[in-house]
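Have a look at work_0.cif below; it lists mmCIF, C-alpha atoms.
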data_model
#
loop_
_atom_site.label_atom_id
_atom_site.label_comp_id
_atom_site.auth_asym_id
_atom_site.auth_seq_id
_atom_site.Cartn_x
_atom_site.Cartn_y
_atom_site.Cartn_z
CA MET A 1 50.19 154.25 -46.82
CA ASP A 2 48.06 156.43 -49.05
CA LEU A 3 47.40 154.32 -52.13
CA ARG A 4 45.81 157.32 -53.81
CA THR A 5 49.30 158.75 -54.29
CA SER A 6 51.58 155.69 -54.22
CA TYR A 7 51.56 151.98 -55.03
CA PRO A 8 51.38 149.04 -52.65
CA ARG A 9 54.34 146.71 -52.57
CA SER A 10 54.76 144.28 -55.45
CA ILE A 11 52.98 140.94 -55.42
CA ARG A 12 56.52 139.46 -55.57
CA ASP A 13 57.53 140.90 -52.19
CA LYS A 14 57.39 138.13 -49.61
CA LEU A 15 56.27 138.41 -46.02
CA ALA A 16 56.22 135.33 -43.76
CA GLY A 17 57.31 133.33 -46.85
CA TYR A 18 54.23 134.24 -48.92
CA VAL A 19 54.16 136.34 -52.07
CA HIS A 20 51.34 138.90 -52.14
CA LEU A 21 51.07 139.07 -48.34
CA ALA A 22 53.05 142.34 -48.06
CA ARG A 23 50.92 143.89 -50.82
CA MET A 24 47.74 142.71 -49.09
CA VAL A 25 48.96 144.31 -45.84
CA ASP A 26 49.44 147.64 -47.64
CA LYS A 27 46.00 147.46 -49.22
CA SER A 28 44.30 146.46 -45.97
CA ARG A 29 46.02 149.27 -44.06
CA ALA A 30 44.97 151.78 -46.71
CA THR A 31 41.39 150.48 -46.67
CA LEU A 32 41.27 150.80 -42.88
CA ALA A 33 42.59 154.38 -43.20
CA GLY A 34 40.24 155.24 -46.09
CA THR A 35 43.19 155.93 -48.42
CA GLN A 36 42.94 152.95 -50.77
CA GLY A 37 42.05 154.97 -53.86
CA GLU A 38 41.29 152.62 -56.74
CA TYR A 39 42.72 149.60 -54.93
CA ILE A 40 40.36 147.00 -53.55
CA TYR A 41 40.73 144.93 -50.40
CA PRO A 42 39.87 142.11 -50.55
CA CYS A 43 40.34 141.65 -54.30
CA PRO A 44 40.33 138.23 -56.01
CA LEU A 45 44.10 137.85 -55.48
CA ASP A 46 43.70 138.67 -51.78
CA LYS A 47 40.94 136.09 -51.53
CA ARG A 48 43.19 133.42 -53.10
CA LEU A 49 45.80 133.96 -50.40
CA LEU A 50 43.24 134.18 -47.62
CA ASP A 51 41.53 130.99 -48.83
CA PHE A 52 44.87 129.17 -48.98
CA ALA A 53 45.60 130.34 -45.43
CA GLY A 54 42.09 129.65 -44.12
CA ILE A 55 41.68 133.23 -42.89
CA THR A 56 38.72 135.52 -43.53
CA PRO A 57 39.15 139.05 -44.90
CA GLU A 58 37.69 140.38 -41.65
CA GLN A 59 40.15 138.42 -39.50
CA PHE A 60 43.03 139.67 -41.59
CA ALA A 61 41.92 143.32 -41.51
CA GLU A 62 41.59 143.14 -37.73
CA ALA A 63 45.06 141.58 -37.43
CA VAL A 64 46.54 144.38 -39.55
CA ARG A 65 44.99 147.19 -37.53
CA GLY A 66 47.84 149.10 -35.84
CA LYS A 67 50.39 146.29 -36.21
CA THR A 68 53.89 146.26 -37.66
CA ASP A 69 54.80 144.05 -40.60
CA GLN A 70 56.68 141.73 -38.22
CA ALA A 71 53.68 141.40 -35.89
CA ILE A 72 51.42 140.68 -38.86
CA ALA A 73 53.87 138.10 -40.21
CA ASP A 74 54.01 136.38 -36.82
CA TRP A 75 50.21 136.39 -36.54
CA PHE A 76 49.80 135.08 -40.10
CA ARG A 77 52.19 132.17 -39.51
CA LYS A 78 50.18 131.15 -36.43
CA ALA A 79 46.70 131.77 -37.86
CA ALA A 80 47.23 130.23 -41.32
CA LYS A 81 46.48 126.61 -42.09
CA PRO A 82 49.69 124.63 -41.75
CA HIS A 83 51.50 124.15 -45.06
CA SER A 84 54.94 122.75 -45.74
CA HIS A 85 57.62 125.01 -47.17
CA ALA A 86 57.27 123.14 -50.48
CA GLU A 87 53.49 123.74 -50.55
CA ILE A 88 53.97 127.44 -49.87
CA GLU A 89 56.60 127.71 -52.61
CA GLN A 90 54.31 125.87 -55.04
CA TRP A 91 51.50 128.26 -54.14
CA ASN A 92 53.87 131.24 -54.57
CA THR A 93 54.86 130.04 -58.04
CA MET A 94 51.22 129.61 -59.00
CA MET A 95 50.41 133.16 -57.86
CA LEU A 96 53.29 134.64 -59.84
CA THR A 97 52.59 132.74 -63.06
CA ARG A 98 48.80 132.58 -63.02
CA GLY A 99 47.02 134.21 -65.93
CA PRO A 100 43.41 134.41 -67.03
CA ASP A 101 41.66 131.05 -67.29
CA THR A 102 38.71 131.74 -69.61
CA PRO A 103 38.40 133.43 -73.01
CA GLU A 104 36.41 136.26 -71.38
CA LYS A 105 39.10 136.82 -68.77
CA TRP A 106 41.78 136.80 -71.51
CA GLU A 107 39.86 139.48 -73.37
CA TYR A 108 39.64 141.58 -70.19
CA PHE A 109 43.34 140.95 -69.43
CA ARG A 110 44.43 142.03 -72.93
CA THR A 111 42.31 145.18 -72.67
CA LEU A 112 44.01 146.11 -69.39
CA ARG A 113 47.48 145.21 -70.66
CA ASP A 114 47.05 147.08 -73.94
CA ALA A 115 45.89 150.19 -72.08
CA VAL A 116 49.22 150.18 -70.21
CA ASP A 117 51.54 149.04 -73.02
CA PRO A 118 50.19 147.37 -76.17
CA THR A 119 53.70 146.30 -77.19
CA ARG A 120 54.03 143.98 -74.16
CA THR A 121 52.15 141.00 -75.59
CA ASP A 122 54.63 138.85 -73.66
CA ILE A 123 52.85 139.82 -70.41
CA THR A 124 50.49 136.93 -69.63
CA SER A 125 50.35 136.73 -65.83
CA TRP A 126 48.41 138.89 -63.41
CA ALA A 127 51.60 139.47 -61.39
CA ASP A 128 53.47 140.82 -64.42
CA LEU A 129 50.47 142.97 -65.39
CA LEU A 130 50.32 144.51 -61.90
CA ASP A 131 54.04 145.30 -61.99
CA LEU A 132 53.78 146.75 -65.50
CA ASP A 133 50.80 148.90 -64.51
CA GLU A 134 52.61 150.15 -61.40
CA LYS A 135 55.73 151.06 -63.41
CA ARG A 136 57.95 148.31 -62.02
CA PRO A 137 60.43 146.71 -64.43
CA VAL A 138 59.08 143.53 -66.00
CA PRO A 139 61.58 141.43 -67.96
CA THR A 140 60.57 140.50 -71.48
CA ARG A 141 59.13 136.99 -71.49
CA LYS A 142 59.10 134.54 -74.35
CA THR A 143 55.57 134.21 -75.72
CA VAL A 144 54.75 130.54 -76.23
CA ALA A 145 51.33 130.63 -77.88
CA ALA A 146 49.50 132.99 -80.19
CA GLY A 147 47.11 135.50 -78.69
CA GLY A 148 49.25 136.30 -75.65
CA GLN A 149 48.50 133.04 -73.85
CA ARG A 150 51.18 130.73 -72.55
#

Could you write out this structure as C-alpha coordinates?
Amino acid sequence: MDLRTSYPRSIRDKLAGYVHLARMVDKSRATLAGTQGEYIYPCPLDKRLLDFAGITPEQFAEAVRGKTDQAIADWFRKAAKPHSHAEIEQWNTMMLTRGPDTPEKWEYFRTLRDAVDPTRTDITSWADLLDLDEKRPVPTRKTVAAGGQR
(Lines of atoms letter the chains of each structure in order from A and count residues from 1; the text may use other names and numbers.)
(Lines give C-alpha, C1' and ligand atoms only; values in the text may rest on other atoms or scores of the structure.)
Protein backbone atom coordinates (compact mmCIF):
# COMPACT_ATOMS: atom_id res chain seq x y z
CA MET A 1 0.00 0.00 0.00
CA ASP A 2 1.32 3.42 -0.93
CA LEU A 3 0.22 5.69 1.91
CA ARG A 4 1.45 8.68 -0.05
CA THR A 5 -1.60 8.31 -2.29
CA SER A 6 -4.13 6.46 -0.12
CA TYR A 7 -5.11 6.00 3.52
CA PRO A 8 -4.46 3.04 5.79
CA ARG A 9 -7.46 1.16 7.08
CA SER A 10 -9.49 2.77 9.85
CA ILE A 11 -8.49 2.32 13.48
CA ARG A 12 -11.96 0.71 13.86
CA ASP A 13 -11.16 -2.16 11.48
CA LYS A 14 -10.43 -5.26 13.54
CA LEU A 15 -7.85 -7.92 12.82
CA ALA A 16 -7.39 -10.86 15.20
CA GLY A 17 -10.02 -9.18 17.43
CA TYR A 18 -8.01 -5.96 17.93
CA VAL A 19 -8.92 -2.51 16.68
CA HIS A 20 -5.99 -0.62 15.13
CA LEU A 21 -4.11 -3.81 14.22
CA ALA A 22 -5.17 -3.73 10.54
CA ARG A 23 -4.18 -0.04 10.32
CA MET A 24 -0.83 -0.80 11.96
CA VAL A 25 -0.25 -3.58 9.40
CA ASP A 26 -0.86 -1.11 6.56
CA LYS A 27 1.50 1.45 8.07
CA SER A 28 4.21 -1.12 8.78
CA ARG A 29 3.99 -2.51 5.24
CA ALA A 30 4.24 0.99 3.80
CA THR A 31 7.20 1.82 6.03
CA LEU A 32 8.98 -1.36 4.94
CA ALA A 33 8.31 -0.41 1.30
CA GLY A 34 9.31 3.24 1.80
CA THR A 35 5.82 4.44 0.82
CA GLN A 36 4.52 5.65 4.18
CA GLY A 37 4.35 9.33 3.23
CA GLU A 38 3.39 11.38 6.28
CA TYR A 39 2.36 8.31 8.28
CA ILE A 40 4.58 7.12 11.08
CA TYR A 41 5.22 3.57 12.21
CA PRO A 42 5.43 3.10 15.12
CA CYS A 43 3.34 6.08 16.23
CA PRO A 44 2.01 6.50 19.80
CA LEU A 45 -1.18 4.57 18.95
CA ASP A 46 0.90 1.72 17.49
CA LYS A 47 3.00 1.67 20.64
CA ARG A 48 -0.14 1.39 22.81
CA LEU A 49 -1.21 -1.74 20.96
CA LEU A 50 2.28 -3.19 20.89
CA ASP A 51 2.73 -2.54 24.63
CA PHE A 52 -0.63 -4.18 25.38
CA ALA A 53 0.44 -7.18 23.30
CA GLY A 54 4.00 -7.30 24.67
CA ILE A 55 5.51 -7.09 21.19
CA THR A 56 8.27 -4.74 20.05
CA PRO A 57 7.93 -2.57 16.94
CA GLU A 58 10.85 -4.47 15.41
CA GLN A 59 9.24 -7.87 16.06
CA PHE A 60 6.01 -6.67 14.51
CA ALA A 61 7.67 -5.18 11.42
CA GLU A 62 9.54 -8.43 10.85
CA ALA A 63 6.31 -10.44 11.23
CA VAL A 64 4.59 -8.21 8.66
CA ARG A 65 7.32 -8.54 6.05
CA GLY A 66 5.85 -10.43 3.08
CA LYS A 67 2.93 -11.91 5.04
CA THR A 68 -0.80 -11.91 4.36
CA ASP A 69 -3.25 -10.35 6.80
CA GLN A 70 -4.31 -13.85 7.90
CA ALA A 71 -0.71 -14.93 8.56
CA ILE A 72 -0.10 -11.74 10.54
CA ALA A 73 -3.31 -12.25 12.53
CA ASP A 74 -2.29 -15.83 13.34
CA TRP A 75 1.20 -14.71 14.38
CA PHE A 76 -0.18 -11.85 16.49
CA ARG A 77 -2.56 -14.16 18.39
CA LYS A 78 0.35 -16.47 19.24
CA ALA A 79 2.94 -13.77 19.99
CA ALA A 80 0.73 -11.41 22.02
CA LYS A 81 0.43 -11.61 25.79
CA PRO A 82 -2.63 -13.70 26.62
CA HIS A 83 -5.73 -11.59 27.27
CA SER A 84 -9.32 -12.67 27.73
CA HIS A 85 -11.90 -11.65 25.16
CA ALA A 86 -13.33 -9.21 27.73
CA GLU A 87 -9.90 -7.61 28.29
CA ILE A 88 -9.38 -7.21 24.55
CA GLU A 89 -12.84 -5.65 24.13
CA GLN A 90 -12.16 -3.29 27.05
CA TRP A 91 -8.87 -2.31 25.43
CA ASN A 92 -10.63 -1.83 22.06
CA THR A 93 -13.20 0.48 23.66
CA MET A 94 -10.45 2.49 25.33
CA MET A 95 -8.62 2.90 22.01
CA LEU A 96 -11.75 4.08 20.22
CA THR A 97 -12.84 6.55 22.90
CA ARG A 98 -9.49 7.83 24.15
CA GLY A 99 -8.86 11.54 23.78
CA PRO A 100 -6.09 13.86 24.88
CA ASP A 101 -5.23 13.64 28.57
CA THR A 102 -3.49 16.96 29.30
CA PRO A 103 -4.36 20.59 28.56
CA GLU A 104 -1.40 20.77 26.15
CA LYS A 105 -2.58 17.70 24.27
CA TRP A 106 -6.13 19.14 24.11
CA GLU A 107 -4.74 22.31 22.58
CA TYR A 108 -2.83 20.26 19.99
CA PHE A 109 -5.90 18.08 19.34
CA ARG A 110 -8.16 21.10 18.79
CA THR A 111 -5.61 22.63 16.41
CA LEU A 112 -5.56 19.44 14.33
CA ARG A 113 -9.34 19.02 14.43
CA ASP A 114 -10.02 22.65 13.54
CA ALA A 115 -7.66 22.42 10.58
CA VAL A 116 -9.81 19.59 9.21
CA ASP A 117 -13.27 20.86 10.20
CA PRO A 118 -13.71 23.58 12.85
CA THR A 119 -17.45 22.87 13.05
CA ARG A 120 -16.86 19.36 14.45
CA THR A 121 -16.33 20.34 18.08
CA ASP A 122 -18.08 17.07 18.95
CA ILE A 123 -14.95 15.17 17.85
CA THR A 124 -13.04 14.41 21.05
CA SER A 125 -11.33 11.06 20.45
CA TRP A 126 -8.20 10.32 18.46
CA ALA A 127 -10.06 7.58 16.56
CA ASP A 128 -12.77 10.01 15.42
CA LEU A 129 -10.15 12.61 14.49
CA LEU A 130 -8.26 10.09 12.34
CA ASP A 131 -11.46 9.09 10.55
CA LEU A 132 -12.46 12.74 10.04
CA ASP A 133 -9.02 13.61 8.69
CA GLU A 134 -9.08 10.63 6.32
CA LYS A 135 -12.55 11.57 5.00
CA ARG A 136 -14.41 8.68 6.62
CA PRO A 137 -17.91 9.40 7.91
CA VAL A 138 -17.94 10.25 11.62
CA PRO A 139 -21.37 10.41 13.27
CA THR A 140 -22.14 13.56 15.20
CA ARG A 141 -21.48 12.97 18.89
CA LYS A 142 -23.11 14.71 21.82
CA THR A 143 -20.62 17.08 23.44
CA VAL A 144 -20.75 16.65 27.21
CA ALA A 145 -18.41 19.35 28.48
CA ALA A 146 -17.35 22.78 27.32
CA GLY A 147 -14.15 23.11 25.35
CA GLY A 148 -14.61 19.94 23.31
CA GLN A 149 -13.75 17.59 26.18
CA ARG A 150 -15.99 14.75 27.27

Within 9 Å of segment 5-8 of chain A, which residues of segment 27-55 of chain A come that close, and what is the closest atom pair and distance in Å for each? Count only C-alpha atoms and give it as JSON lines.
{"residue": "A:Lys27", "atom": "CA", "partner": "A:Pro8", "partner_atom": "CA", "distance": 6.6}
{"residue": "A:Thr35", "atom": "CA", "partner": "A:Thr5", "partner_atom": "CA", "distance": 8.9}
{"residue": "A:Gly37", "atom": "CA", "partner": "A:Thr5", "partner_atom": "CA", "distance": 8.2}
{"residue": "A:Tyr39", "atom": "CA", "partner": "A:Pro8", "partner_atom": "CA", "distance": 9.0}

Please write as a PDB file with C-alpha atoms, in the frame of the given file the full residue list that the PyMOL selection byres ((chain A and resi 128) around 12) yields on this file.
ATOM      1  CA  SER A  10      54.760 144.280 -55.450  1.00  0.00           C
ATOM      2  CA  ILE A  11      52.980 140.940 -55.420  1.00  0.00           C
ATOM      3  CA  ARG A  12      56.520 139.460 -55.570  1.00  0.00           C
ATOM      4  CA  MET A  95      50.410 133.160 -57.860  1.00  0.00           C
ATOM      5  CA  LEU A  96      53.290 134.640 -59.840  1.00  0.00           C
ATOM      6  CA  THR A  97      52.590 132.740 -63.060  1.00  0.00           C
ATOM      7  CA  ARG A  98      48.800 132.580 -63.020  1.00  0.00           C
ATOM      8  CA  GLY A  99      47.020 134.210 -65.930  1.00  0.00           C
ATOM      9  CA  PHE A 109      43.340 140.950 -69.430  1.00  0.00           C
ATOM     10  CA  LEU A 112      44.010 146.110 -69.390  1.00  0.00           C
ATOM     11  CA  ARG A 113      47.480 145.210 -70.660  1.00  0.00           C
ATOM     12  CA  VAL A 116      49.220 150.180 -70.210  1.00  0.00           C
ATOM     13  CA  ARG A 120      54.030 143.980 -74.160  1.00  0.00           C
ATOM     14  CA  THR A 121      52.150 141.000 -75.590  1.00  0.00           C
ATOM     15  CA  ASP A 122      54.630 138.850 -73.660  1.00  0.00           C
ATOM     16  CA  ILE A 123      52.850 139.820 -70.410  1.00  0.00           C
ATOM     17  CA  THR A 124      50.490 136.930 -69.630  1.00  0.00           C
ATOM     18  CA  SER A 125      50.350 136.730 -65.830  1.00  0.00           C
ATOM     19  CA  TRP A 126      48.410 138.890 -63.410  1.00  0.00           C
ATOM     20  CA  ALA A 127      51.600 139.470 -61.390  1.00  0.00           C
ATOM     21  CA  LEU A 129      50.470 142.970 -65.390  1.00  0.00           C
ATOM     22  CA  LEU A 130      50.320 144.510 -61.900  1.00  0.00           C
ATOM     23  CA  ASP A 131      54.040 145.300 -61.990  1.00  0.00           C
ATOM     24  CA  LEU A 132      53.780 146.750 -65.500  1.00  0.00           C
ATOM     25  CA  ASP A 133      50.800 148.900 -64.510  1.00  0.00           C
ATOM     26  CA  GLU A 134      52.610 150.150 -61.400  1.00  0.00           C
ATOM     27  CA  LYS A 135      55.730 151.060 -63.410  1.00  0.00           C
ATOM     28  CA  ARG A 136      57.950 148.310 -62.020  1.00  0.00           C
ATOM     29  CA  PRO A 137      60.430 146.710 -64.430  1.00  0.00           C
ATOM     30  CA  VAL A 138      59.080 143.530 -66.000  1.00  0.00           C
ATOM     31  CA  PRO A 139      61.580 141.430 -67.960  1.00  0.00           C
ATOM     32  CA  THR A 140      60.570 140.500 -71.480  1.00  0.00           C
ATOM     33  CA  ARG A 141      59.130 136.990 -71.490  1.00  0.00           C
TER      34      ARG A 141
END

(request) Please identify all polymer residues within 12 Å of His83 of chain A, counting only C-alpha atoms, omitting same-chain residues fewer than 4 positions from it, and present them as a PyMOL selection string. (result) chain A and resi 17-18+52-54+77-79+87-91

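Residues with any atom within 9 Å of Gly34 of chain A, counting only C-alpha atoms and excluding same-chain neighbours fewer than 4 positions away, are Asp2, Arg29 and Ala30 of chain A.
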
Here atom CA of Leu21 of chain A and atom CA of Leu3 of chain A stand apart by 16.1 Å

Excluding Leu45 of chain A and its own-chain neighbours fewer than 4 positions away, which residues fall within 9 Å of it when counting only C-alpha atoms? Please give them as a CSV table (one decimal) with C-alpha atoms, in the coordinates of the input.
chain,number,residue,atom,x,y,z
A,20,HIS,CA,51.3,138.9,-52.1
A,24,MET,CA,47.7,142.7,-49.1
A,49,LEU,CA,45.8,134.0,-50.4
A,50,LEU,CA,43.2,134.2,-47.6
A,95,MET,CA,50.4,133.2,-57.9

Between atom CA of Thr31 of chain A and atom CA of Ala16 of chain A lies a distance of 21.4 Å

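Distance-wise, atom CA of Ile55 of chain A and atom CA of Cys43 of chain A end up 14.2 Å apart.
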
Nearest-residue call for Arg65 of chain A, choices A:Asn92, A:Thr119, A:Ser28, A:Thr111, using all atoms listed in the file: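 When distances to Arg65 of chain A are compared using all atoms listed in the file, the smallest one comes from A:Ser28.
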